[in-house]
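Undergrad: Supplied structure: work_32.tsv, TSV, N, CA and C atoms.
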chain	number	residue	atom	x	y	z
A	1	MET	N	102.28	4.48	75.39
A	1	MET	CA	102.98	5.74	75.36
A	1	MET	C	102.36	6.71	74.35
A	2	ALA	N	101.86	6.17	73.23
A	2	ALA	CA	101.24	7.01	72.20
A	2	ALA	C	99.99	7.68	72.74
A	3	VAL	N	99.25	6.99	73.61
A	3	VAL	CA	98.03	7.57	74.18
A	3	VAL	C	98.38	8.80	75.02
A	4	LYS	N	99.45	8.70	75.82
A	4	LYS	CA	99.87	9.82	76.64
A	4	LYS	C	100.27	11.01	75.77
A	5	THR	N	100.99	10.74	74.67
A	5	THR	CA	101.39	11.80	73.74
A	5	THR	C	100.18	12.43	73.08
A	6	ASP	N	99.21	11.60	72.68
A	6	ASP	CA	97.98	12.12	72.07
A	6	ASP	C	97.23	13.02	73.04
A	7	THR	N	97.14	12.59	74.30
A	7	THR	CA	96.45	13.38	75.32
A	7	THR	C	97.16	14.71	75.53
A	8	ARG	N	98.47	14.67	75.60
A	8	ARG	CA	99.24	15.92	75.76
A	8	ARG	C	98.98	16.86	74.59
A	9	GLN	N	98.97	16.31	73.39
A	9	GLN	CA	98.72	17.13	72.20
A	9	GLN	C	97.32	17.73	72.25
A	10	GLN	N	96.33	16.94	72.65
A	10	GLN	CA	94.96	17.44	72.75
A	10	GLN	C	94.86	18.53	73.82
A	11	ASN	N	95.52	18.32	74.95
A	11	ASN	CA	95.52	19.33	76.02
A	11	ASN	C	96.16	20.62	75.53
A	12	HIS	N	97.26	20.49	74.80
A	12	HIS	CA	97.94	21.67	74.28
A	12	HIS	C	97.03	22.41	73.29
A	13	GLU	N	96.34	21.67	72.46
A	13	GLU	CA	95.41	22.29	71.50
A	13	GLU	C	94.28	23.01	72.23
A	14	GLN	N	93.78	22.40	73.31
A	14	GLN	CA	92.72	23.04	74.10
A	14	GLN	C	93.24	24.33	74.73
A	15	MET	N	94.47	24.33	75.22
A	15	MET	CA	95.03	25.53	75.82
A	15	MET	C	95.25	26.62	74.77
A	16	GLU	N	95.59	26.21	73.55
A	16	GLU	CA	95.70	27.18	72.46
A	16	GLU	C	94.34	27.81	72.16
A	17	THR	N	93.30	27.00	72.22
A	17	THR	CA	91.94	27.52	72.03
A	17	THR	C	91.61	28.53	73.12
A	18	VAL	N	91.97	28.20	74.35
A	18	VAL	CA	91.69	29.10	75.48
A	18	VAL	C	92.50	30.39	75.35
A	19	THR	N	93.78	30.31	75.00
A	19	THR	CA	94.58	31.53	74.90
A	19	THR	C	94.07	32.41	73.75
A	20	ARG	N	93.61	31.79	72.69
A	20	ARG	CA	93.01	32.56	71.59
A	20	ARG	C	91.74	33.27	72.07
A	21	TYR	N	90.91	32.55	72.83
A	21	TYR	CA	89.69	33.13	73.40
A	21	TYR	C	90.04	34.31	74.32
A	22	ILE	N	91.06	34.12	75.15
A	22	ILE	CA	91.48	35.20	76.06
A	22	ILE	C	91.89	36.43	75.27
A	23	ARG	N	92.71	36.24	74.24
A	23	ARG	CA	93.17	37.39	73.45
A	23	ARG	C	91.99	38.09	72.76
A	24	GLN	N	91.01	37.32	72.31
A	24	GLN	CA	89.86	37.91	71.62
A	24	GLN	C	88.90	38.60	72.58
A	25	HIS	N	88.92	38.23	73.86
A	25	HIS	CA	87.98	38.77	74.84
A	25	HIS	C	88.70	39.47	75.99
A	26	ILE	N	89.90	39.98	75.73
A	26	ILE	CA	90.74	40.54	76.79
A	26	ILE	C	90.09	41.75	77.48
A	27	ASP	N	89.18	42.42	76.80
A	27	ASP	CA	88.51	43.58	77.40
A	27	ASP	C	87.33	43.20	78.28
A	28	GLU	N	86.98	41.94	78.29
A	28	GLU	CA	85.83	41.47	79.05
A	28	GLU	C	86.30	40.81	80.35
A	29	PRO	N	85.41	40.71	81.32
A	29	PRO	CA	85.77	39.95	82.52
A	29	PRO	C	86.01	38.49	82.13
A	30	LEU	N	87.12	37.94	82.57
A	30	LEU	CA	87.47	36.55	82.27
A	30	LEU	C	87.62	35.81	83.58
A	31	ASN	N	86.82	34.77	83.77
A	31	ASN	CA	86.95	34.00	84.99
A	31	ASN	C	87.26	32.55	84.65
A	32	ARG	N	87.72	31.82	85.65
A	32	ARG	CA	88.13	30.44	85.43
A	32	ARG	C	86.97	29.56	84.95
A	33	GLU	N	85.77	29.83	85.41
A	33	GLU	CA	84.63	29.02	85.01
A	33	GLU	C	84.37	29.14	83.50
A	34	THR	N	84.39	30.37	83.01
A	34	THR	CA	84.18	30.59	81.57
A	34	THR	C	85.28	29.94	80.75
A	35	LEU	N	86.52	30.15	81.18
A	35	LEU	CA	87.65	29.61	80.43
A	35	LEU	C	87.69	28.09	80.49
A	36	ALA	N	87.32	27.51	81.63
A	36	ALA	CA	87.24	26.06	81.74
A	36	ALA	C	86.18	25.53	80.77
A	37	ALA	N	85.07	26.24	80.64
A	37	ALA	CA	84.02	25.83	79.71
A	37	ALA	C	84.51	25.90	78.26
A	38	VAL	N	85.31	26.92	77.94
A	38	VAL	CA	85.88	27.02	76.60
A	38	VAL	C	86.74	25.79	76.30
A	39	ALA	N	87.49	25.35	77.31
A	39	ALA	CA	88.37	24.18	77.15
A	39	ALA	C	87.62	22.87	77.30
A	40	ASP	N	86.38	22.94	77.78
A	40	ASP	CA	85.56	21.76	78.04
A	40	ASP	C	86.18	20.87	79.12
A	41	PHE	N	86.67	21.53	80.20
A	41	PHE	CA	87.23	20.84	81.35
A	41	PHE	C	86.55	21.35	82.62
A	42	SER	N	86.68	20.59	83.68
A	42	SER	CA	86.25	21.11	84.98
A	42	SER	C	87.21	22.22	85.39
A	43	VAL	N	86.78	23.08	86.30
A	43	VAL	CA	87.63	24.20	86.72
A	43	VAL	C	88.95	23.71	87.32
A	44	PRO	N	88.95	22.76	88.27
A	44	PRO	CA	90.24	22.33	88.83
A	44	PRO	C	91.16	21.69	87.78
A	45	HIS	N	90.59	20.87	86.90
A	45	HIS	CA	91.40	20.23	85.86
A	45	HIS	C	91.95	21.28	84.89
A	46	PHE	N	91.10	22.22	84.51
A	46	PHE	CA	91.55	23.30	83.62
A	46	PHE	C	92.68	24.09	84.25
A	47	HIS	N	92.51	24.47	85.51
A	47	HIS	CA	93.53	25.27	86.19
A	47	HIS	C	94.87	24.53	86.21
A	48	ARG	N	94.83	23.26	86.52
A	48	ARG	CA	96.05	22.44	86.58
A	48	ARG	C	96.70	22.34	85.19
A	49	LEU	N	95.89	22.04	84.17
A	49	LEU	CA	96.44	21.90	82.83
A	49	LEU	C	96.97	23.22	82.28
A	50	PHE	N	96.23	24.29	82.52
A	50	PHE	CA	96.68	25.59	82.03
A	50	PHE	C	98.04	25.94	82.64
A	51	SER	N	98.15	25.78	83.94
A	51	SER	CA	99.42	26.08	84.62
A	51	SER	C	100.54	25.21	84.10
A	52	ASP	N	100.26	23.92	83.87
A	52	ASP	CA	101.28	23.01	83.36
A	52	ASP	C	101.71	23.38	81.95
A	53	CYS	N	100.74	23.68	81.09
A	53	CYS	CA	101.04	23.99	79.68
A	53	CYS	C	101.67	25.37	79.49
A	54	MET	N	101.20	26.34	80.26
A	54	MET	CA	101.61	27.73	80.03
A	54	MET	C	102.71	28.21	80.97
A	55	GLY	N	102.94	27.50	82.04
A	55	GLY	CA	103.99	27.90	82.97
A	55	GLY	C	103.58	29.01	83.91
A	56	GLU	N	102.31	29.35	83.92
A	56	GLU	CA	101.77	30.36	84.83
A	56	GLU	C	100.27	30.12	84.97
A	57	SER	N	99.70	30.62	86.05
A	57	SER	CA	98.26	30.44	86.24
A	57	SER	C	97.49	31.27	85.23
A	58	VAL	N	96.23	30.92	85.04
A	58	VAL	CA	95.40	31.67	84.09
A	58	VAL	C	95.26	33.12	84.53
A	59	GLY	N	95.14	33.35	85.83
A	59	GLY	CA	95.05	34.73	86.33
A	59	GLY	C	96.29	35.52	86.03
A	60	SER	N	97.46	34.92	86.22
A	60	SER	CA	98.73	35.59	85.91
A	60	SER	C	98.86	35.86	84.42
A	61	TYR	N	98.41	34.90	83.62
A	61	TYR	CA	98.47	35.05	82.16
A	61	TYR	C	97.63	36.24	81.70
A	62	VAL	N	96.38	36.30	82.17
A	62	VAL	CA	95.48	37.39	81.78
A	62	VAL	C	96.04	38.72	82.28
A	63	ARG	N	96.50	38.77	83.51
A	63	ARG	CA	97.07	40.00	84.08
A	63	ARG	C	98.27	40.47	83.25
A	64	ARG	N	99.15	39.54	82.89
A	64	ARG	CA	100.33	39.90	82.11
A	64	ARG	C	99.93	40.45	80.74
A	65	LEU	N	98.99	39.80	80.07
A	65	LEU	CA	98.56	40.30	78.76
A	65	LEU	C	97.97	41.70	78.86
A	66	ARG	N	97.17	41.92	79.89
A	66	ARG	CA	96.57	43.25	80.07
A	66	ARG	C	97.63	44.30	80.39
A	67	LEU	N	98.60	43.94	81.20
A	67	LEU	CA	99.66	44.90	81.54
A	67	LEU	C	100.56	45.16	80.34
A	68	GLU	N	100.83	44.15	79.54
A	68	GLU	CA	101.64	44.37	78.33
A	68	GLU	C	100.90	45.29	77.35
A	69	ARG	N	99.59	45.10	77.25
A	69	ARG	CA	98.80	45.98	76.38
A	69	ARG	C	98.82	47.41	76.93
A	70	ALA	N	98.71	47.54	78.26
A	70	ALA	CA	98.79	48.86	78.88
A	70	ALA	C	100.15	49.49	78.60
A	71	GLY	N	101.20	48.69	78.68
A	71	GLY	CA	102.54	49.19	78.38
A	71	GLY	C	102.65	49.69	76.94
A	72	ARG	N	102.04	48.96	76.01
A	72	ARG	CA	102.06	49.41	74.61
A	72	ARG	C	101.31	50.74	74.46
A	73	LYS	N	100.19	50.88	75.16
A	73	LYS	CA	99.45	52.14	75.09
A	73	LYS	C	100.29	53.29	75.64
A	74	LEU	N	100.96	53.04	76.75
A	74	LEU	CA	101.80	54.09	77.34
A	74	LEU	C	102.97	54.41	76.42
A	75	ARG	N	103.55	53.41	75.80
A	75	ARG	CA	104.66	53.61	74.88
A	75	ARG	C	104.23	54.46	73.68
A	76	LEU	N	102.97	54.27	73.28
A	76	LEU	CA	102.47	55.02	72.12
A	76	LEU	C	101.97	56.42	72.50
A	77	GLY	N	102.10	56.77	73.78
A	77	GLY	CA	101.81	58.14	74.19
A	77	GLY	C	100.50	58.37	74.90
A	78	ALA	N	99.88	57.33	75.44
A	78	ALA	CA	98.65	57.54	76.21
A	78	ALA	C	98.94	58.51	77.34
A	79	VAL	N	98.14	59.55	77.44
A	79	VAL	CA	98.38	60.62	78.39
A	79	VAL	C	97.81	60.29	79.76
A	80	ASN	N	96.61	59.78	79.81
A	80	ASN	CA	95.92	59.58	81.07
A	80	ASN	C	96.15	58.16	81.59
A	81	ILE	N	96.98	58.04	82.60
A	81	ILE	CA	97.30	56.72	83.16
A	81	ILE	C	96.06	56.09	83.79
A	82	ALA	N	95.19	56.89	84.37
A	82	ALA	CA	93.97	56.35	84.97
A	82	ALA	C	93.10	55.66	83.92
A	83	GLU	N	93.02	56.23	82.73
A	83	GLU	CA	92.25	55.61	81.65
A	83	GLU	C	92.89	54.30	81.21
A	84	VAL	N	94.21	54.29	81.14
A	84	VAL	CA	94.94	53.06	80.78
A	84	VAL	C	94.69	51.99	81.84
A	85	ALA	N	94.69	52.41	83.11
A	85	ALA	CA	94.45	51.49	84.23
A	85	ALA	C	93.05	50.88	84.12
A	86	LEU	N	92.06	51.70	83.85
A	86	LEU	CA	90.69	51.20	83.72
A	86	LEU	C	90.56	50.25	82.53
A	87	ALA	N	91.21	50.59	81.43
A	87	ALA	CA	91.17	49.73	80.24
A	87	ALA	C	91.85	48.39	80.50
A	88	ALA	N	92.81	48.39	81.42
A	88	ALA	CA	93.51	47.15	81.77
A	88	ALA	C	92.75	46.33	82.81
A	89	GLY	N	91.61	46.85	83.26
A	89	GLY	CA	90.79	46.11	84.20
A	89	GLY	C	91.03	46.44	85.66
A	90	TYR	N	91.75	47.52	85.94
A	90	TYR	CA	92.03	47.92	87.32
A	90	TYR	C	91.06	49.01	87.72
A	91	GLU	N	90.57	48.92	88.95
A	91	GLU	CA	89.60	49.90	89.42
A	91	GLU	C	90.26	51.15	90.00
A	92	SER	N	91.55	51.04	90.30
A	92	SER	CA	92.23	52.21	90.85
A	92	SER	C	93.61	52.38	90.21
A	93	HIS	N	94.03	53.61	90.17
A	93	HIS	CA	95.35	53.96	89.66
A	93	HIS	C	96.42	53.29	90.52
A	94	THR	N	96.17	53.23	91.83
A	94	THR	CA	97.14	52.66	92.77
A	94	THR	C	97.37	51.17	92.51
A	95	ALA	N	96.29	50.43	92.36
A	95	ALA	CA	96.41	48.98	92.09
A	95	ALA	C	97.12	48.74	90.77
A	96	PHE	N	96.77	49.53	89.77
A	96	PHE	CA	97.42	49.41	88.47
A	96	PHE	C	98.90	49.71	88.58
A	97	GLY	N	99.24	50.80	89.26
A	97	GLY	CA	100.64	51.18	89.42
A	97	GLY	C	101.46	50.10	90.09
A	98	LYS	N	100.90	49.49	91.11
A	98	LYS	CA	101.60	48.43	91.84
A	98	LYS	C	101.83	47.22	90.93
A	99	ALA	N	100.79	46.80	90.22
A	99	ALA	CA	100.91	45.64	89.32
A	99	ALA	C	101.86	45.94	88.17
A	100	PHE	N	101.79	47.15	87.63
A	100	PHE	CA	102.64	47.54	86.52
A	100	PHE	C	104.11	47.53	86.95
A	101	LYS	N	104.37	48.09	88.12
A	101	LYS	CA	105.75	48.11	88.61
A	101	LYS	C	106.26	46.70	88.88
A	102	GLN	N	105.41	45.84	89.39
A	102	GLN	CA	105.81	44.46	89.64
A	102	GLN	C	106.15	43.76	88.31
A	103	GLN	N	105.41	44.06	87.26
A	103	GLN	CA	105.63	43.42	85.96
A	103	GLN	C	106.86	43.97	85.23
A	104	PHE	N	107.02	45.32	85.26
A	104	PHE	CA	108.05	45.94	84.43
A	104	PHE	C	109.19	46.60	85.21
A	105	GLY	N	109.05	46.70	86.52
A	105	GLY	CA	110.12	47.30	87.33
A	105	GLY	C	110.09	48.82	87.37
A	106	LEU	N	109.09	49.43	86.76
A	106	LEU	CA	108.94	50.88	86.74
A	106	LEU	C	107.47	51.23	86.96
A	107	CYS	N	107.23	52.38	87.56
A	107	CYS	CA	105.85	52.84	87.66
A	107	CYS	C	105.40	53.31	86.28
A	108	PRO	N	104.10	53.36	86.02
A	108	PRO	CA	103.61	53.73	84.69
A	108	PRO	C	104.13	55.08	84.18
A	109	SER	N	104.22	56.08	85.06
A	109	SER	CA	104.68	57.39	84.59
A	109	SER	C	106.16	57.34	84.17
A	110	ALA	N	106.97	56.58	84.89
A	110	ALA	CA	108.38	56.43	84.51
A	110	ALA	C	108.50	55.64	83.22
A	111	PHE	N	107.66	54.64	83.05
A	111	PHE	CA	107.66	53.86	81.82
A	111	PHE	C	107.29	54.75	80.64
A	112	ARG	N	106.27	55.57	80.82
A	112	ARG	CA	105.81	56.47	79.77
A	112	ARG	C	106.90	57.46	79.37
A	113	ALA	N	107.75	57.84	80.33
A	113	ALA	CA	108.81	58.80	80.06
A	113	ALA	C	109.99	58.19	79.30
A	114	LEU	N	110.05	56.87	79.22
A	114	LEU	CA	111.14	56.22	78.50
A	114	LEU	C	111.07	56.52	77.01
A	115	SER	N	112.19	56.38	76.36
A	115	SER	CA	112.16	56.47	74.90
A	115	SER	C	111.36	55.29	74.36
A	116	CYS	N	110.87	55.42	73.16
A	116	CYS	CA	110.08	54.34	72.55
A	116	CYS	C	110.90	53.06	72.49
A	117	GLN	N	112.17	53.18	72.17
A	117	GLN	CA	113.04	52.01	72.06
A	117	GLN	C	113.22	51.32	73.42
A	118	ALA	N	113.45	52.10	74.49
A	118	ALA	CA	113.64	51.52	75.82
A	118	ALA	C	112.35	50.86	76.32
A	119	ALA	N	111.22	51.50	76.06
A	119	ALA	CA	109.93	50.93	76.47
A	119	ALA	C	109.66	49.63	75.72
A	120	THR	N	109.98	49.62	74.43
A	120	THR	CA	109.80	48.41	73.63
A	120	THR	C	110.67	47.29	74.16
A	121	GLN	N	111.90	47.60	74.54
A	121	GLN	CA	112.80	46.59	75.11
A	121	GLN	C	112.21	45.98	76.38
A	122	LEU	N	111.64	46.81	77.24
A	122	LEU	CA	111.03	46.29	78.47
A	122	LEU	C	109.86	45.37	78.15
A	123	LEU	N	109.05	45.75	77.18
A	123	LEU	CA	107.92	44.91	76.79
A	123	LEU	C	108.41	43.58	76.22
A	124	LEU	N	109.45	43.63	75.40
A	124	LEU	CA	109.99	42.40	74.82
A	124	LEU	C	110.62	41.52	75.89
A	125	CYS	N	111.28	42.13	76.88
A	125	CYS	CA	111.87	41.35	77.98
A	125	CYS	C	110.78	40.64	78.77
A	126	SER	N	109.66	41.29	78.98
A	126	SER	CA	108.55	40.67	79.69
A	126	SER	C	108.07	39.44	78.94
A	127	GLN	N	107.95	39.55	77.64
A	127	GLN	CA	107.51	38.42	76.83
A	127	GLN	C	108.56	37.32	76.81
A	128	ALA	N	109.83	37.68	76.75
A	128	ALA	CA	110.90	36.69	76.73
A	128	ALA	C	110.96	35.92	78.04
A	129	LYS	N	110.77	36.61	79.17
A	129	LYS	CA	110.76	35.93	80.47
A	129	LYS	C	109.64	34.90	80.51
A	130	ARG	N	108.50	35.24	79.97
A	130	ARG	CA	107.35	34.35	79.95
A	130	ARG	C	107.65	33.12	79.11
A	131	LYS	N	108.30	33.33	77.96
A	131	LYS	CA	108.63	32.20	77.09
A	131	LYS	C	109.64	31.27	77.77
A	132	LEU	N	110.60	31.85	78.47
A	132	LEU	CA	111.58	31.02	79.20
A	132	LEU	C	110.90	30.20	80.28
A	133	ALA	N	109.99	30.80	81.01
A	133	ALA	CA	109.27	30.08	82.05
A	133	ALA	C	108.47	28.93	81.45
A	134	LYS	N	107.87	29.18	80.30
A	134	LYS	CA	107.09	28.13	79.62
A	134	LYS	C	107.98	26.99	79.19
A	135	GLU	N	109.17	27.30	78.66
A	135	GLU	CA	110.09	26.27	78.19
A	135	GLU	C	110.63	25.44	79.35
A	136	LYS	N	110.76	26.02	80.53
A	136	LYS	CA	111.26	25.28	81.70
A	136	LYS	C	110.23	24.31	82.23
A	137	THR	N	108.95	24.56	81.93
A	137	THR	CA	107.88	23.69	82.40
A	137	THR	C	107.94	22.39	81.63
A	138	PRO	N	108.04	21.24	82.33
A	138	PRO	CA	108.15	19.96	81.62
A	138	PRO	C	106.88	19.60	80.89
Represent the structure from my file as structure tokens, please.

TA:
Amino acid sequence: MAVKTDTRQQNHEQMETVTRYIRQHIDEPLNRETLAAVADFSVPHFHRLFSDCMGESVGSYVRRLRLERAGRKLRLGAVNIAEVALAAGYESHTAFGKAFKQQFGLCPSAFRALSCQAATQLLLCSQAKRKLAKEKTP
């Protein structure tokens, strides 16, 4: 039983290394092959472990972090939504708007129009939902 616990702990530490790498390289293209190499796992094993440990796929995790960062930029008064979309890794305003609305329930322009307090609440709710999903994962 101790071996299984040790392996889980090691896997968790590897996923922490990967999430740290993602946060440090969030502006760069991130693919499963690179992230699997950071964790020193094969791509299928990495994908399975990441999903198990984090409660979401690596693609969903990266997308959520980028959208949360975009939300913070909009909350702080970013004027050009197209620039925010490009910085978040989206090639079009339309794709960004769709993903943003799916994440926060509002289009980017409506989010930007919110008070700072209301926008902050939406960002915090997004993070809280993620933490709940992670805690539900056995």

Undergrad: Within 8 Å of Asp27 of chain A, counting only C-alpha atoms, which residues qualify if same-chain residues fewer than 6 places away don't, as a list of chain:residue names?

TA: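 Using only C-alpha atoms, the neighbours found are A:Ala87, A:Ala88, A:Gly89.
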
Undergrad: Between A:Arg75, A:Glu91, A:Ala118, A:Leu123, single out the one closest to Phe104 of chain A, counting all atoms listed in the file.

TA: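 Using all atoms listed in the file, the shortest distance to Phe104 of chain A belongs to A:Leu123.
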
Undergrad: Write out as an NGL selection string all residues of chain A that backbone DSSP assigns to alpha helix (DSSP H).

TA: :A and (2-24 or 32-39 or 43-54 or 58-75 or 81-87 or 93-104 or 108-113 or 116-136)

Undergrad: Would you mind reading off the distance between atom CA of Ala82 of chain A and atom CA of Pro108 of chain A, one decimal, in Å?

TA: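 So the two atoms, atom CA of Ala82 of chain A and atom CA of Pro108 of chain A, lie 10.0 Å apart.
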
Undergrad: Quick one: pull the distance between atom CA of Val62 of chain A and atom C of Ile22 of chain A, Å, one decimal.

TA: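 Answer for the atom CA of Val62 of chain A to atom C of Ile22 of chain A separation: 7.5 Å.
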
Undergrad: What is the distance between atom CA of Arg20 of chain A and atom CA of Val38 of chain A, in Å to one decimal?

TA: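 Calculated distance between atom CA of Arg20 of chain A and atom CA of Val38 of chain A is 10.3 Å.
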
Undergrad: Which residue gives the smallest distance to Gln10 of chain A among A:Arg112, A:Phe96, A:Cys53, A:Ser60, with only C-alpha atoms counted?

TA: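 Checking each of A:Arg112, A:Phe96, A:Cys53, A:Ser60 against Gln10 of chain A, counting only C-alpha atoms, the winner is A:Cys53.
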
Undergrad: Quick one: residues within 8 Å of Glu68 of chain A, all atoms listed in the file counted, chain neighbours fewer than 5 positions away excluded, as a PyMOL selection string?

TA: chain A and resi 62-63+73-74+100+123+126-127

Undergrad: Which residue out of A:Ala39, A:Arg72, A:Lys98, A:Glu28 has the minimum interatomic distance to Ala119 of chain A when only N, CA and C atoms are used?

TA: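 Ranking A:Ala39, A:Arg72, A:Lys98, A:Glu28 by distance to Ala119 of chain A, first place goes to A:Arg72.
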